[in-house]
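Input: a single structure, listed below in structure tokens.
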Amino acid sequence: MQTLSREGESALSVVGSRPMELSTVSYGGPQAPGPNGKQRTSSLESPIMLLAGHQSAIYTMKFNPAGTVIASGSHDREIFLWNVHGECKNFMVLKGHKNAVLDLQWTTDGSQIISASPDKTLRAWDVETGKQIKKMAEHSSFVNSCCPSRRGPPLVVSGSDDGTAKLWDMRQRGAIQTFPDKYQITAVSFSDASDKIYTGGIDNDIKVWDLRRN
């Protein structure tokens with residue numbers, strides 16, 4: 001059993017993990033003959049590919065802007081990068097989070113990944129080198145969601161169980177703005193023009209914050 005407790009926020013214990021195996025298995029080929037010697041047929045949908053390697057539950061997946069690479073974040077605390085053309089193989093693992101990876105997003109140019117975790121941090125990763133280039137650690141509880149801006153300065157917004165959304169400028173050290181709420185924030189996003197942020201939480205409401213007012 002895998003649990004992600006929000007009480008005590010202790011480090012994860014990954015139970016029942018399988019041996020590390022990075023493999024790609026094709027599906028959809030001819031099926032083995034059935035008991036009567038005839039090939040089995042089925043109208044049920046089935047996957048055409050299996051990307052195996054994570055040691056625990058996968059919580060988030062996102063394609064890069066070019067649609068050539070998919071990044072996956074897991075309960076095993078790691079981010080895997082997979083090619084989706086040609087050999088369709090894992091080519092990089094991003095390691096550094098101390099707890100599960102709950103959300104990840106690509107920057108608009110596809111050069112970086114931003115990730116969010118119950119370890120109370122956001123992290124930025126250089127996709128070319130696989131190195132962590134920035135750690136953002138001002139939340140006091142689980143970070144559930146993150147989103148980079150689509151236009152303008154390199155901004156990132158994050159939402160946390162501490163009841164705040166924080167705005168980060170990737171060129172500066174700490175958060176440049178905090179948006180307080182009464183409830184845990186579970187989802188965040190920028191508007192297309194990146195002049196507003198949207199936050200959603202356990203109070204069932206979506207709130208819109210105008211960055212031009214500050």
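Here, A, B, ... name the chains of the structure tokens in the order displayed, residue numbers run from 1 inside each chain, and ligands are numbered from 1 in the same displayed order.
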
Quick one: residues within 7 Å of region 200-206 of chain A, only C-alpha atoms counted, chain neighbours fewer than 4 positions away excluded, as a PyMOL selection string? chain A and resi 183-188

Would you pick out the contacts of region 115-121 of chain A at 6 Å or less, using only C-alpha atoms, so that residues sharing its chain but fewer than 2 positions from it are not included, and give the list as a PyMOL selection string? chain A and resi 98-104+123+136-137+139+141-143+145

Save out the residues we just selected, N, CA and C atoms, as a PDB file, in the first residue's frame.
```pdb
ATOM      1  N   LYS A  98      12.367  15.310  -2.089  1.00  0.00           N
ATOM      2  CA  LYS A  98      12.382  14.447  -0.910  1.00  0.00           C
ATOM      3  C   LYS A  98      11.027  13.793  -0.658  1.00  0.00           C
ATOM      4  N   ASN A  99      10.091  14.041  -1.524  1.00  0.00           N
ATOM      5  CA  ASN A  99       8.760  13.469  -1.407  1.00  0.00           C
ATOM      6  C   ASN A  99       8.200  13.315  -2.815  1.00  0.00           C
ATOM      7  N   ALA A 100       6.986  12.869  -2.930  1.00  0.00           N
ATOM      8  CA  ALA A 100       6.386  12.593  -4.229  1.00  0.00           C
ATOM      9  C   ALA A 100       6.370  13.830  -5.131  1.00  0.00           C
ATOM     10  N   VAL A 101       6.317  13.602  -6.434  1.00  0.00           N
ATOM     11  CA  VAL A 101       6.143  14.681  -7.406  1.00  0.00           C
ATOM     12  C   VAL A 101       4.661  14.719  -7.775  1.00  0.00           C
ATOM     13  N   LEU A 102       3.969  15.772  -7.329  1.00  0.00           N
ATOM     14  CA  LEU A 102       2.523  15.879  -7.525  1.00  0.00           C
ATOM     15  C   LEU A 102       2.155  16.570  -8.827  1.00  0.00           C
ATOM     16  N   ASP A 103       3.000  17.480  -9.283  1.00  0.00           N
ATOM     17  CA  ASP A 103       2.692  18.232 -10.498  1.00  0.00           C
ATOM     18  C   ASP A 103       3.993  18.613 -11.177  1.00  0.00           C
ATOM     19  N   LEU A 104       3.956  18.725 -12.499  1.00  0.00           N
ATOM     20  CA  LEU A 104       5.096  19.251 -13.248  1.00  0.00           C
ATOM     21  C   LEU A 104       4.583  19.963 -14.486  1.00  0.00           C
ATOM     22  N   ARG A 123      10.762  23.014  -7.727  1.00  0.00           N
ATOM     23  CA  ARG A 123      12.117  22.932  -8.264  1.00  0.00           C
ATOM     24  C   ARG A 123      12.073  23.157  -9.763  1.00  0.00           C
ATOM     25  N   MET A 136      12.726  26.404  -4.808  1.00  0.00           N
ATOM     26  CA  MET A 136      11.871  27.429  -4.219  1.00  0.00           C
ATOM     27  C   MET A 136      11.192  26.830  -2.992  1.00  0.00           C
ATOM     28  N   ALA A 137      11.554  27.332  -1.814  1.00  0.00           N
ATOM     29  CA  ALA A 137      11.178  26.649  -0.568  1.00  0.00           C
ATOM     30  C   ALA A 137      10.624  27.603   0.479  1.00  0.00           C
ATOM     31  N   HIS A 139       6.995  27.748   0.954  1.00  0.00           N
ATOM     32  CA  HIS A 139       5.714  27.226   1.434  1.00  0.00           C
ATOM     33  C   HIS A 139       5.928  26.469   2.737  1.00  0.00           C
ATOM     34  N   SER A 141       3.729  23.997   3.717  1.00  0.00           N
ATOM     35  CA  SER A 141       3.057  22.702   3.624  1.00  0.00           C
ATOM     36  C   SER A 141       3.161  22.193   2.188  1.00  0.00           C
ATOM     37  N   PHE A 142       2.457  21.107   1.902  1.00  0.00           N
ATOM     38  CA  PHE A 142       2.514  20.474   0.588  1.00  0.00           C
ATOM     39  C   PHE A 142       2.333  21.504  -0.525  1.00  0.00           C
ATOM     40  N   VAL A 143       3.129  21.403  -1.580  1.00  0.00           N
ATOM     41  CA  VAL A 143       2.913  22.188  -2.793  1.00  0.00           C
ATOM     42  C   VAL A 143       2.199  21.276  -3.786  1.00  0.00           C
ATOM     43  N   SER A 145       0.474  22.292  -6.803  1.00  0.00           N
ATOM     44  CA  SER A 145       0.345  22.666  -8.207  1.00  0.00           C
ATOM     45  C   SER A 145       1.325  23.774  -8.550  1.00  0.00           C
TER      46      SER A 145
END
```

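Here the question is which of A:Ser43, A:Gln177, A:Ser189, A:Ser56 gets nearest to Arg213 (chain A) using only C-alpha atoms, and that residue is A:Gln177.
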
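Between CA of Leu211 (chain A) and CA of Ala66 (chain A) the separation is 28.7 Å.
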
Of A:Ile79, A:Leu122, A:Met49, A:Val156, the one sitting nearest Ile176 (chain A) when using only C-alpha atoms is A:Val156

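Every protein, DNA or RNA residue with an atom at most 10 Å from Asp210 (chain A), where only C-alpha atoms count and chain neighbours fewer than 3 positions away do not, is listed here: Ser191, Ser194, Asp195, Lys196, Ile197, Tyr198, Arg213 and Asn214 of chain A.
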
Based on the selection just made, write N, CA and C atoms of those residues as a short mmCIF file (atom, residue, chain, number, x, y, z; two decimals), in the first residue's frame.
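Saved the output as again.cif:
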```
data_model
loop_
_atom_site.label_atom_id
_atom_site.label_comp_id
_atom_site.auth_asym_id
_atom_site.auth_seq_id
_atom_site.Cartn_x
_atom_site.Cartn_y
_atom_site.Cartn_z
N SER A 191 -3.28 33.17 -16.87
CA SER A 191 -4.04 33.51 -18.07
C SER A 191 -3.08 33.50 -19.26
N SER A 194 -0.67 36.15 -19.21
CA SER A 194 0.17 36.10 -18.00
C SER A 194 0.01 37.34 -17.12
N ASP A 195 -1.15 38.01 -17.23
CA ASP A 195 -1.41 39.16 -16.37
C ASP A 195 -2.36 38.84 -15.23
N LYS A 196 -2.86 37.62 -15.20
CA LYS A 196 -3.73 37.16 -14.11
C LYS A 196 -3.32 35.74 -13.74
N ILE A 197 -3.58 35.38 -12.46
CA ILE A 197 -3.45 33.99 -12.07
C ILE A 197 -4.79 33.49 -11.55
N TYR A 198 -5.02 32.22 -11.76
CA TYR A 198 -6.24 31.55 -11.33
C TYR A 198 -5.87 30.51 -10.29
N ARG A 213 -2.46 44.93 -10.73
CA ARG A 213 -2.84 45.80 -9.62
C ARG A 213 -1.72 45.93 -8.60
N ASN A 214 -0.63 45.21 -8.81
CA ASN A 214 0.46 45.22 -7.83
C ASN A 214 1.76 45.68 -8.48
#
```

Quick one: DSSP strand (DSSP E or B) residues in region 47-141 of chain A, as JSON, numbers by chain? {"A": [49, 50, 51, 52, 58, 59, 60, 61, 62, 63, 69, 70, 71, 72, 73, 74, 78, 79, 80, 81, 82, 83, 90, 91, 92, 93, 94, 95, 103, 104, 105, 106, 112, 113, 114, 115, 116, 122, 123, 124, 125, 126, 132, 133, 134, 135, 136]}

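Between CA of Thr60 (chain A) and CA of Lys182 (chain A) the separation is 26.1 Å.
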
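Here the question is which of A:Gly174, A:Pro154, A:Gly159, A:Pro65 gets nearest to Trp106 (chain A) using only C-alpha atoms, and that residue is A:Pro65.
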
May I have the residues within 8 Å of Glu128 (chain A) as a PDB file with N, CA and C atoms, in the first residue's frame, using only C-alpha atoms and disregarding those fewer than 2 positions away in the same chain?
```pdb
ATOM      1  N   SER A 111      12.742  24.281 -22.420  1.00  0.00           N
ATOM      2  CA  SER A 111      14.106  24.095 -21.909  1.00  0.00           C
ATOM      3  C   SER A 111      14.144  23.708 -20.436  1.00  0.00           C
ATOM      4  N   ASP A 126      16.918  21.904 -15.603  1.00  0.00           N
ATOM      5  CA  ASP A 126      17.408  22.100 -16.963  1.00  0.00           C
ATOM      6  C   ASP A 126      17.276  20.772 -17.702  1.00  0.00           C
ATOM      7  N   GLY A 130      19.828  17.901 -17.132  1.00  0.00           N
ATOM      8  CA  GLY A 130      19.230  17.112 -16.064  1.00  0.00           C
ATOM      9  C   GLY A 130      19.506  17.661 -14.682  1.00  0.00           C
TER      10      GLY A 130
END
```

For Thr107 (chain A): contacts at 9 Å, only C-alpha atoms, fewer than 2 positions along chain excluded, given as a short mmCIF file (atom, residue, chain, number, x, y, z; two decimals) with C-alpha atoms, in the first residue's frame:
```
data_model
loop_
_atom_site.label_atom_id
_atom_site.label_comp_id
_atom_site.auth_asym_id
_atom_site.auth_seq_id
_atom_site.Cartn_x
_atom_site.Cartn_y
_atom_site.Cartn_z
CA ASN A 64 6.99 19.22 -23.96
CA PRO A 65 5.78 22.01 -26.30
CA GLN A 105 4.98 21.75 -16.08
CA ASP A 109 10.42 27.11 -24.75
CA GLY A 110 10.71 23.52 -23.51
CA SER A 111 14.11 24.09 -21.91
CA GLN A 112 13.01 23.67 -18.28
CA ILE A 113 10.60 21.69 -16.12
CA ILE A 114 8.98 23.09 -12.97
CA CYS A 147 2.43 26.77 -13.55
CA PRO A 148 4.99 28.85 -15.50
CA SER A 149 3.91 31.99 -17.34
CA ARG A 150 3.30 31.75 -21.08
CA PRO A 154 9.94 34.06 -16.43
#
```
